[in-house]
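Chemist: Got target.cif for you, mmCIF, C-alpha atoms:
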```cif
data_model
#
loop_
_atom_site.label_atom_id
_atom_site.label_comp_id
_atom_site.auth_asym_id
_atom_site.auth_seq_id
_atom_site.Cartn_x
_atom_site.Cartn_y
_atom_site.Cartn_z
CA MET G 1 -9.92 -3.42 -13.30
CA ASN G 2 -8.27 -0.11 -12.41
CA LYS G 3 -4.69 0.56 -13.38
CA VAL G 4 -2.01 0.15 -10.73
CA ARG G 5 -1.35 3.63 -9.38
CA ILE G 6 2.24 4.70 -8.66
CA LEU G 7 3.64 7.85 -7.06
CA LEU G 8 7.08 8.91 -8.32
CA ALA G 9 9.14 11.37 -6.24
CA GLU G 10 12.36 12.31 -8.05
CA ASP G 11 13.97 15.77 -8.10
CA GLU G 12 16.02 15.24 -11.29
CA LYS G 13 13.53 16.65 -13.78
CA ASP G 14 14.80 14.78 -16.83
CA LEU G 15 14.80 11.44 -15.00
CA ASN G 16 11.40 12.20 -13.49
CA ARG G 17 9.98 12.92 -16.93
CA LEU G 18 11.58 9.83 -18.46
CA LEU G 19 10.42 7.44 -15.72
CA THR G 20 6.90 8.88 -15.78
CA ARG G 21 6.66 8.35 -19.54
CA ARG G 22 8.09 4.83 -19.43
CA LEU G 23 5.84 3.75 -16.55
CA ARG G 24 2.78 5.06 -18.34
CA GLU G 25 3.86 3.17 -21.45
CA GLU G 26 3.80 0.06 -19.24
CA ASN G 27 0.14 0.90 -18.47
CA TYR G 28 0.69 2.20 -14.95
CA SER G 29 -1.15 5.29 -13.70
CA VAL G 30 1.52 7.72 -12.47
CA ASP G 31 1.56 10.90 -10.38
CA ALA G 32 4.95 12.64 -10.25
CA CYS G 33 6.46 15.12 -7.78
CA PHE G 34 9.92 16.48 -6.98
CA ASN G 35 10.56 16.30 -3.22
CA GLY G 36 9.63 14.41 -0.09
CA GLN G 37 7.25 17.07 1.20
CA GLU G 38 5.24 16.95 -2.02
CA ALA G 39 5.22 13.16 -1.86
CA LEU G 40 3.62 13.22 1.60
CA GLU G 41 1.04 15.75 0.43
CA TYR G 42 0.14 13.57 -2.55
CA MET G 43 -0.26 10.55 -0.30
CA GLU G 44 -2.58 12.46 2.01
CA GLY G 45 -4.97 12.97 -0.88
CA ALA G 46 -4.73 9.70 -2.78
CA GLN G 47 -4.25 5.99 -2.35
CA TYR G 48 -1.26 4.47 -4.17
CA ASP G 49 -0.32 0.88 -4.91
CA ALA G 50 3.42 1.64 -4.85
CA VAL G 51 5.83 4.55 -4.36
CA ILE G 52 9.19 5.14 -6.07
CA MET G 53 11.17 7.73 -4.16
CA ASP G 54 14.65 9.20 -4.51
CA ILE G 55 16.54 9.66 -1.25
CA MET G 56 18.44 12.89 -1.96
CA MET G 57 15.76 15.52 -2.62
CA PRO G 58 15.28 19.17 -1.59
CA LYS G 59 12.87 20.35 1.14
CA MET G 60 12.58 16.84 2.57
CA SER G 61 14.66 13.76 1.79
CA GLY G 62 13.07 10.54 0.66
CA LEU G 63 14.32 8.88 3.83
CA GLU G 64 12.61 11.44 6.08
CA ALA G 65 9.41 11.25 4.02
CA LEU G 66 9.47 7.46 4.36
CA LYS G 67 9.91 7.65 8.14
CA ARG G 68 6.95 10.03 8.42
CA LEU G 69 4.86 7.86 6.12
CA ARG G 70 5.45 4.77 8.27
CA ALA G 71 4.81 6.77 11.46
CA ARG G 72 1.35 7.48 10.01
CA LYS G 73 0.77 3.71 9.72
CA ASN G 74 0.82 3.92 5.93
CA TYR G 75 2.44 0.73 4.64
CA VAL G 76 2.27 1.28 0.89
CA PRO G 77 5.23 -0.50 -0.78
CA VAL G 78 8.14 1.93 -1.24
CA LEU G 79 11.19 1.53 -3.46
CA LEU G 80 14.05 3.95 -2.75
CA LEU G 81 16.27 5.30 -5.53
CA THR G 82 19.72 6.59 -4.70
CA ALA G 83 23.20 7.19 -6.02
CA MET G 84 24.63 6.03 -2.68
CA ASP G 85 25.78 2.42 -2.69
CA SER G 86 27.22 1.74 0.76
CA VAL G 87 25.90 -1.05 2.96
CA GLU G 88 25.10 1.52 5.64
CA ASP G 89 22.94 3.52 3.22
CA ARG G 90 20.99 0.43 2.21
CA VAL G 91 20.52 -0.62 5.84
CA ASN G 92 19.30 2.85 6.80
CA GLY G 93 16.75 2.80 3.99
CA LEU G 94 15.44 -0.64 4.85
CA ASP G 95 15.34 0.16 8.56
CA ALA G 96 13.26 3.25 7.80
CA GLY G 97 10.64 1.00 6.22
CA ALA G 98 11.61 0.69 2.56
CA ASP G 99 10.55 -2.46 0.74
CA ASP G 100 13.36 -2.30 -1.79
CA TYR G 101 16.39 -0.25 -2.80
CA LEU G 102 17.73 0.49 -6.29
CA VAL G 103 21.08 2.19 -6.95
CA LYS G 104 21.49 4.69 -9.81
CA PRO G 105 22.20 4.25 -12.63
CA PHE G 106 19.83 1.36 -13.21
CA ALA G 107 18.19 -0.39 -16.14
CA PHE G 108 14.50 0.38 -16.55
CA GLU G 109 13.83 -3.35 -16.94
CA GLU G 110 15.24 -3.95 -13.46
CA LEU G 111 13.04 -1.21 -12.01
CA MET G 112 10.00 -2.85 -13.62
CA ALA G 113 10.96 -6.23 -12.15
CA ARG G 114 11.38 -4.70 -8.68
CA ILE G 115 7.95 -3.04 -8.97
CA ARG G 116 6.32 -6.34 -9.94
CA VAL G 117 7.86 -8.05 -6.91
CA MET G 118 6.72 -5.25 -4.58
CA LEU G 119 3.17 -5.40 -5.88
CA ARG G 120 3.04 -9.15 -5.19
CA LYS G 121 3.94 -8.61 -1.53
CA PRO G 122 1.02 -7.97 0.80
CA ALA G 123 1.75 -5.05 3.11
CA SER G 124 2.55 -6.53 6.50
CA VAL G 125 -0.14 -4.84 8.54
CA GLN G 126 -2.71 -4.01 5.93
CA SER G 127 -5.93 -5.96 5.91
CA ASN G 128 -7.28 -7.34 2.66
CA VAL G 129 -10.82 -6.86 3.97
CA TYR G 130 -12.30 -3.57 5.17
CA SER G 131 -15.62 -3.56 7.00
CA VAL G 132 -18.19 -0.94 7.90
CA GLY G 133 -21.16 -2.41 9.73
CA ASP G 134 -22.35 -5.37 7.65
CA LEU G 135 -20.45 -4.14 4.55
CA ASP G 136 -17.27 -6.05 3.65
CA VAL G 137 -14.88 -4.84 0.94
CA HIS G 138 -12.31 -7.40 -0.22
CA VAL G 139 -9.37 -5.48 -1.69
CA ASP G 140 -7.54 -8.47 -3.19
CA THR G 141 -10.52 -9.93 -5.06
CA MET G 142 -12.45 -6.65 -5.58
CA LYS G 143 -15.57 -8.31 -4.15
CA VAL G 144 -18.10 -6.43 -2.04
CA PHE G 145 -20.70 -7.94 0.27
CA ARG G 146 -23.44 -6.39 2.37
CA GLY G 147 -25.31 -8.62 4.78
CA GLY G 148 -23.62 -11.56 3.09
CA GLN G 149 -25.03 -10.63 -0.34
CA GLU G 150 -22.53 -9.90 -3.11
CA ILE G 151 -22.76 -6.48 -4.78
CA ASN G 152 -21.35 -5.93 -8.28
CA LEU G 153 -19.47 -2.66 -8.77
CA SER G 154 -17.65 -1.10 -11.69
CA GLY G 155 -13.92 -0.44 -11.38
CA LYS G 156 -14.42 3.26 -10.59
CA GLU G 157 -17.21 2.50 -8.10
CA PHE G 158 -14.98 -0.03 -6.34
CA ALA G 159 -12.02 2.38 -6.22
CA LEU G 160 -14.23 5.08 -4.68
CA LEU G 161 -15.77 2.70 -2.15
CA ARG G 162 -12.39 1.22 -1.21
CA TYR G 163 -10.95 4.67 -0.51
CA MET G 164 -13.97 5.63 1.58
CA VAL G 165 -13.90 2.47 3.72
CA GLN G 166 -10.14 2.81 4.20
CA ASN G 167 -10.98 6.24 5.64
CA LYS G 168 -14.22 5.27 7.38
CA GLY G 169 -15.51 7.90 9.77
CA ILE G 170 -13.47 10.61 8.01
CA VAL G 171 -15.26 13.29 6.01
CA LEU G 172 -13.75 13.34 2.52
CA SER G 173 -14.20 16.36 0.26
CA ARG G 174 -15.25 15.98 -3.37
CA GLU G 175 -11.83 17.25 -4.44
CA ARG G 176 -10.00 14.67 -2.36
CA LEU G 177 -12.18 11.86 -3.66
CA GLU G 178 -11.75 13.06 -7.24
CA GLN G 179 -7.96 13.17 -6.88
CA HIS G 180 -7.98 9.58 -5.68
CA ILE G 181 -10.07 8.21 -8.53
CA TRP G 182 -8.37 10.18 -11.31
CA ASN G 183 -4.86 11.47 -11.88
CA TYR G 184 -4.00 14.95 -10.65
CA ASP G 185 -4.12 16.35 -14.18
CA TYR G 186 -7.78 15.31 -14.54
CA SER G 187 -9.92 18.33 -15.45
CA GLY G 188 -13.43 16.91 -15.17
CA GLY G 189 -16.32 18.61 -13.43
CA SER G 190 -16.68 18.39 -9.66
CA ASN G 191 -20.14 16.80 -9.96
CA VAL G 192 -18.60 13.53 -11.20
CA ILE G 193 -18.13 12.44 -7.57
CA ASP G 194 -21.79 13.19 -6.82
CA VAL G 195 -22.77 10.95 -9.73
CA TYR G 196 -20.64 8.04 -8.47
CA ILE G 197 -21.89 8.53 -4.91
CA ARG G 198 -25.43 8.14 -6.23
CA TYR G 199 -24.40 4.93 -7.99
CA LEU G 200 -22.87 3.59 -4.77
CA ARG G 201 -25.85 4.55 -2.64
CA LYS G 202 -28.18 2.72 -4.99
CA LYS G 203 -26.06 -0.43 -4.79
CA ILE G 204 -24.83 -0.23 -1.18
CA ASP G 205 -27.65 1.41 0.82
CA GLN G 206 -30.85 0.86 -1.13
CA GLY G 207 -33.02 -1.74 0.60
CA PHE G 208 -31.16 -1.53 3.91
CA ASP G 209 -32.51 0.20 7.01
CA LYS G 210 -29.09 1.51 8.10
CA LYS G 211 -27.48 3.83 5.59
CA LEU G 212 -23.70 3.81 5.44
CA ILE G 213 -22.91 6.65 3.00
CA HIS G 214 -23.66 10.07 4.47
CA THR G 215 -23.53 13.58 3.01
CA ILE G 216 -21.93 16.26 5.18
CA ARG G 217 -23.33 19.48 3.79
CA GLY G 218 -20.64 21.84 2.55
CA ALA G 219 -17.86 19.36 3.38
CA GLY G 220 -18.23 16.14 1.39
CA TYR G 221 -19.05 12.52 2.14
CA VAL G 222 -18.32 9.99 4.86
CA ILE G 223 -18.95 6.28 5.20
CA LYS G 224 -19.85 5.10 8.70
CA GLU G 225 -22.37 2.96 10.49
CA GLY G 226 -25.81 4.54 10.57
CA GLU G 227 -27.23 6.11 13.68
#
```
Let me see the file written as structure tokens.

Modeler:
Amino acid sequence: MNKVRILLAEDEKDLNRLLTRRLREENYSVDACFNGQEALEYMEGAQYDAVIMDIMMPKMSGLEALKRLRARKNYVPVLLLTAMDSVEDRVNGLDAGADDYLVKPFAFEELMARIRVMLRKPASVQSNVYSVGDLDVHVDTMKVFRGGQEINLSGKEFALLRYMVQNKGIVLSRERLEQHIWNYDYSGGSNVIDVYIRYLRKKIDQGFDKKLIHTIRGAGYVIKEGE
């Protein structure tokens, strides 16, 4: 099974570096950035299981980034970090769509506990099953069915398929797909996505009249119901 993927947005460089290291030591996959604008850009190109975001950041605050994220109907669990400890600050954060709120300074063990609780909560409006035609992708159990027949996928194949069905009808570039499956510091060749698309096509489309995975020449790939 793939690692849980977390986005960390924290402008204090030392704290950012420390939290990134500690989270990776706990076997989480982590992408790190330093302001709210960068956080939104990261989330446009990748799917995260949870977000840890400081409120007071340059360019765009964590609170503003959170509001924009929720306006886009993205309900990834978000934990806000802040040095502000007033009731009003906490209420503002929760009203903006935060799932939890942690005041600095904090113990790393408490942060880990908060993350575990967030990951157990199903996002309120997210579906656990995504469908394209007769293809059903069950996010919670990592099971895939086409025409009622179960299809066995590897962890990477499932992650790629899940991202594509969550963006069904949208043409996704190789770079965007690669950034979702691997961390941003991955330096593999661009043809790795082509290889995994071939794997998926063999398992998902082979033997079916209607093909779901389509190549858009010069642009990337899209999953949609066949013509």

Chemist: What separation in Å, quoted to one decimal, exists between atom CA of Val222 of chain G and atom CA of Tyr163 of chain G?

Modeler: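 The value is 10.6 Å.
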
Chemist: Return as a compact mmCIF listing (two decimals) with C-alpha atoms, keeping the file's coordinate frame the set of residues that the PyMOL selection byres ((chain G and resi 20) around 10) yields on the displayed structure.

Modeler:
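Result went into result33.txt, see below:
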```txt
# COMPACT_ATOMS: atom_id res chain seq x y z
CA ILE G 6 2.24 4.70 -8.66
CA LEU G 7 3.64 7.85 -7.06
CA LEU G 8 7.08 8.91 -8.32
CA ASP G 14 14.80 14.78 -16.83
CA LEU G 15 14.80 11.44 -15.00
CA ASN G 16 11.40 12.20 -13.49
CA ARG G 17 9.98 12.92 -16.93
CA LEU G 18 11.58 9.83 -18.46
CA LEU G 19 10.42 7.44 -15.72
CA ARG G 21 6.66 8.35 -19.54
CA ARG G 22 8.09 4.83 -19.43
CA LEU G 23 5.84 3.75 -16.55
CA ARG G 24 2.78 5.06 -18.34
CA GLU G 25 3.86 3.17 -21.45
CA GLU G 26 3.80 0.06 -19.24
CA TYR G 28 0.69 2.20 -14.95
CA SER G 29 -1.15 5.29 -13.70
CA VAL G 30 1.52 7.72 -12.47
CA ASP G 31 1.56 10.90 -10.38
CA ALA G 32 4.95 12.64 -10.25
```

Chemist: With all atoms listed in the file as the basis for distance, which of G:Met118, G:Ala71, G:Leu135, G:Leu111 is at the shortest distance from Val4 of chain G?

Modeler: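 Closest residue, counting all atoms listed in the file: G:Met118.
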
Chemist: Find the residues around Thr141 of chain G up to 10 Å (only C-alpha atoms counted), leave out those fewer than 3 positions away in its own chain, and share them as a ChimeraX atom specification.

Modeler: /G:128-129,137-138,144

Chemist: Using only C-alpha atoms for the distances, tell me which of G:Lys211, G:Lys59, G:Arg217, G:Arg176 is nearest to Glu44 of chain G.

Modeler: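 Checking each of G:Lys211, G:Lys59, G:Arg217, G:Arg176 against Glu44 of chain G, counting only C-alpha atoms, the winner is G:Arg176.
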
Chemist: Filtering to all heavy atoms, could segment 98-112 of chain G of the supplied structure be written out as a tab-separated table (two decimals), in the first residue's frame?

Modeler:
```
chain	number	residue	atom	x	y	z
G	98	ALA	N	-11.15	24.25	8.46
G	98	ALA	CA	-10.10	23.41	9.05
G	98	ALA	C	-10.70	22.22	9.80
G	98	ALA	O	-11.79	22.32	10.36
G	98	ALA	CB	-9.24	24.24	10.01
G	99	ASP	N	-9.98	21.12	9.80
G	99	ASP	CA	-10.41	19.94	10.54
G	99	ASP	C	-9.87	19.93	11.96
G	99	ASP	O	-10.45	19.32	12.85
G	99	ASP	CB	-9.95	18.67	9.81
G	99	ASP	CG	-10.63	18.51	8.46
G	99	ASP	OD1	-10.15	19.12	7.49
G	99	ASP	OD2	-11.65	17.80	8.39
G	100	ASP	N	-8.74	20.63	12.15
G	100	ASP	CA	-8.14	20.68	13.49
G	100	ASP	C	-7.24	21.90	13.56
G	100	ASP	O	-6.95	22.55	12.55
G	100	ASP	CB	-7.35	19.39	13.76
G	100	ASP	CG	-7.20	19.10	15.26
G	100	ASP	OD1	-7.56	19.97	16.08
G	100	ASP	OD2	-6.73	18.00	15.59
G	101	TYR	N	-6.74	22.16	14.79
G	101	TYR	CA	-6.06	23.42	15.07
G	101	TYR	C	-5.04	23.13	16.16
G	101	TYR	O	-5.39	22.60	17.20
G	101	TYR	CB	-7.13	24.40	15.57
G	101	TYR	CG	-6.75	25.86	15.62
G	101	TYR	CD1	-7.22	26.73	14.66
G	101	TYR	CD2	-5.98	26.37	16.65
G	101	TYR	CE1	-6.93	28.09	14.71
G	101	TYR	CE2	-5.68	27.72	16.71
G	101	TYR	CZ	-6.15	28.57	15.73
G	101	TYR	OH	-5.86	29.90	15.79
G	102	LEU	N	-3.78	23.44	15.92
G	102	LEU	CA	-2.73	23.16	16.90
G	102	LEU	C	-1.92	24.43	17.14
G	102	LEU	O	-1.43	25.06	16.20
G	102	LEU	CB	-1.82	22.04	16.39
G	102	LEU	CG	-0.84	21.42	17.38
G	102	LEU	CD1	-1.55	20.88	18.62
G	102	LEU	CD2	-0.05	20.29	16.70
G	103	VAL	N	-1.79	24.80	18.42
G	103	VAL	CA	-1.12	26.05	18.79
G	103	VAL	C	0.37	25.79	19.05
G	103	VAL	O	0.74	24.83	19.74
G	103	VAL	CB	-1.78	26.66	20.04
G	103	VAL	CG1	-1.04	27.93	20.48
G	103	VAL	CG2	-3.25	26.98	19.76
G	104	LYS	N	1.22	26.65	18.49
G	104	LYS	CA	2.66	26.58	18.74
G	104	LYS	C	2.96	27.19	20.11
G	104	LYS	O	2.31	28.16	20.51
G	104	LYS	CB	3.43	27.36	17.67
G	104	LYS	CG	3.23	26.89	16.25
G	104	LYS	CD	3.98	27.82	15.31
G	104	LYS	CE	3.82	27.43	13.87
G	104	LYS	NZ	4.48	28.37	12.94
G	105	PRO	N	3.99	26.69	20.80
G	105	PRO	CA	4.76	25.48	20.48
G	105	PRO	C	3.97	24.23	20.84
G	105	PRO	O	3.10	24.27	21.71
G	105	PRO	CB	6.00	25.62	21.37
G	105	PRO	CG	5.51	26.39	22.55
G	105	PRO	CD	4.47	27.35	22.03
G	106	PHE	N	4.27	23.14	20.16
G	106	PHE	CA	3.54	21.90	20.39
G	106	PHE	C	4.52	20.73	20.42
G	106	PHE	O	5.64	20.83	19.90
G	106	PHE	CB	2.49	21.67	19.29
G	106	PHE	CG	3.06	21.71	17.90
G	106	PHE	CD1	3.65	20.59	17.33
G	106	PHE	CD2	3.03	22.89	17.15
G	106	PHE	CE1	4.18	20.63	16.05
G	106	PHE	CE2	3.55	22.95	15.87
G	106	PHE	CZ	4.14	21.81	15.32
G	107	ALA	N	4.10	19.66	21.04
G	107	ALA	CA	4.91	18.44	21.06
G	107	ALA	C	4.66	17.67	19.76
G	107	ALA	O	3.52	17.57	19.30
G	107	ALA	CB	4.54	17.57	22.25
G	108	PHE	N	5.72	17.14	19.18
G	108	PHE	CA	5.58	16.39	17.93
G	108	PHE	C	4.63	15.22	18.11
G	108	PHE	O	3.86	14.88	17.20
G	108	PHE	CB	6.95	15.90	17.45
G	108	PHE	CG	6.89	15.18	16.13
G	108	PHE	CD1	6.71	15.89	14.94
G	108	PHE	CD2	7.00	13.80	16.07
G	108	PHE	CE1	6.64	15.22	13.72
G	108	PHE	CE2	6.93	13.13	14.86
G	108	PHE	CZ	6.76	13.85	13.68
G	109	GLU	N	4.64	14.60	19.29
G	109	GLU	CA	3.77	13.46	19.55
G	109	GLU	C	2.30	13.87	19.46
G	109	GLU	O	1.46	13.09	19.00
G	109	GLU	CB	4.06	12.85	20.93
G	109	GLU	CG	5.40	12.15	21.03
G	109	GLU	CD	6.59	13.11	21.07
G	109	GLU	OE1	6.38	14.32	21.31
G	109	GLU	OE2	7.73	12.63	20.83
G	110	GLU	N	1.99	15.09	19.89
G	110	GLU	CA	0.60	15.55	19.78
G	110	GLU	C	0.23	15.78	18.32
G	110	GLU	O	-0.88	15.44	17.89
G	110	GLU	CB	0.38	16.84	20.57
G	110	GLU	CG	-1.06	17.31	20.50
G	110	GLU	CD	-1.33	18.56	21.31
G	110	GLU	OE1	-0.39	19.13	21.89
G	110	GLU	OE2	-2.52	18.97	21.35
G	111	LEU	N	1.16	16.35	17.55
G	111	LEU	CA	0.89	16.53	16.12
G	111	LEU	C	0.60	15.18	15.46
G	111	LEU	O	-0.34	15.05	14.67
G	111	LEU	CB	2.09	17.20	15.44
G	111	LEU	CG	2.01	17.31	13.91
G	111	LEU	CD1	0.83	18.16	13.48
G	111	LEU	CD2	3.32	17.88	13.35
G	112	MET	N	1.40	14.17	15.78
G	112	MET	CA	1.20	12.84	15.20
G	112	MET	C	-0.18	12.29	15.57
G	112	MET	O	-0.88	11.71	14.74
G	112	MET	CB	2.29	11.88	15.68
G	112	MET	CG	3.68	12.20	15.14
G	112	MET	SD	3.73	12.22	13.34
G	112	MET	CE	3.12	10.58	12.98
```
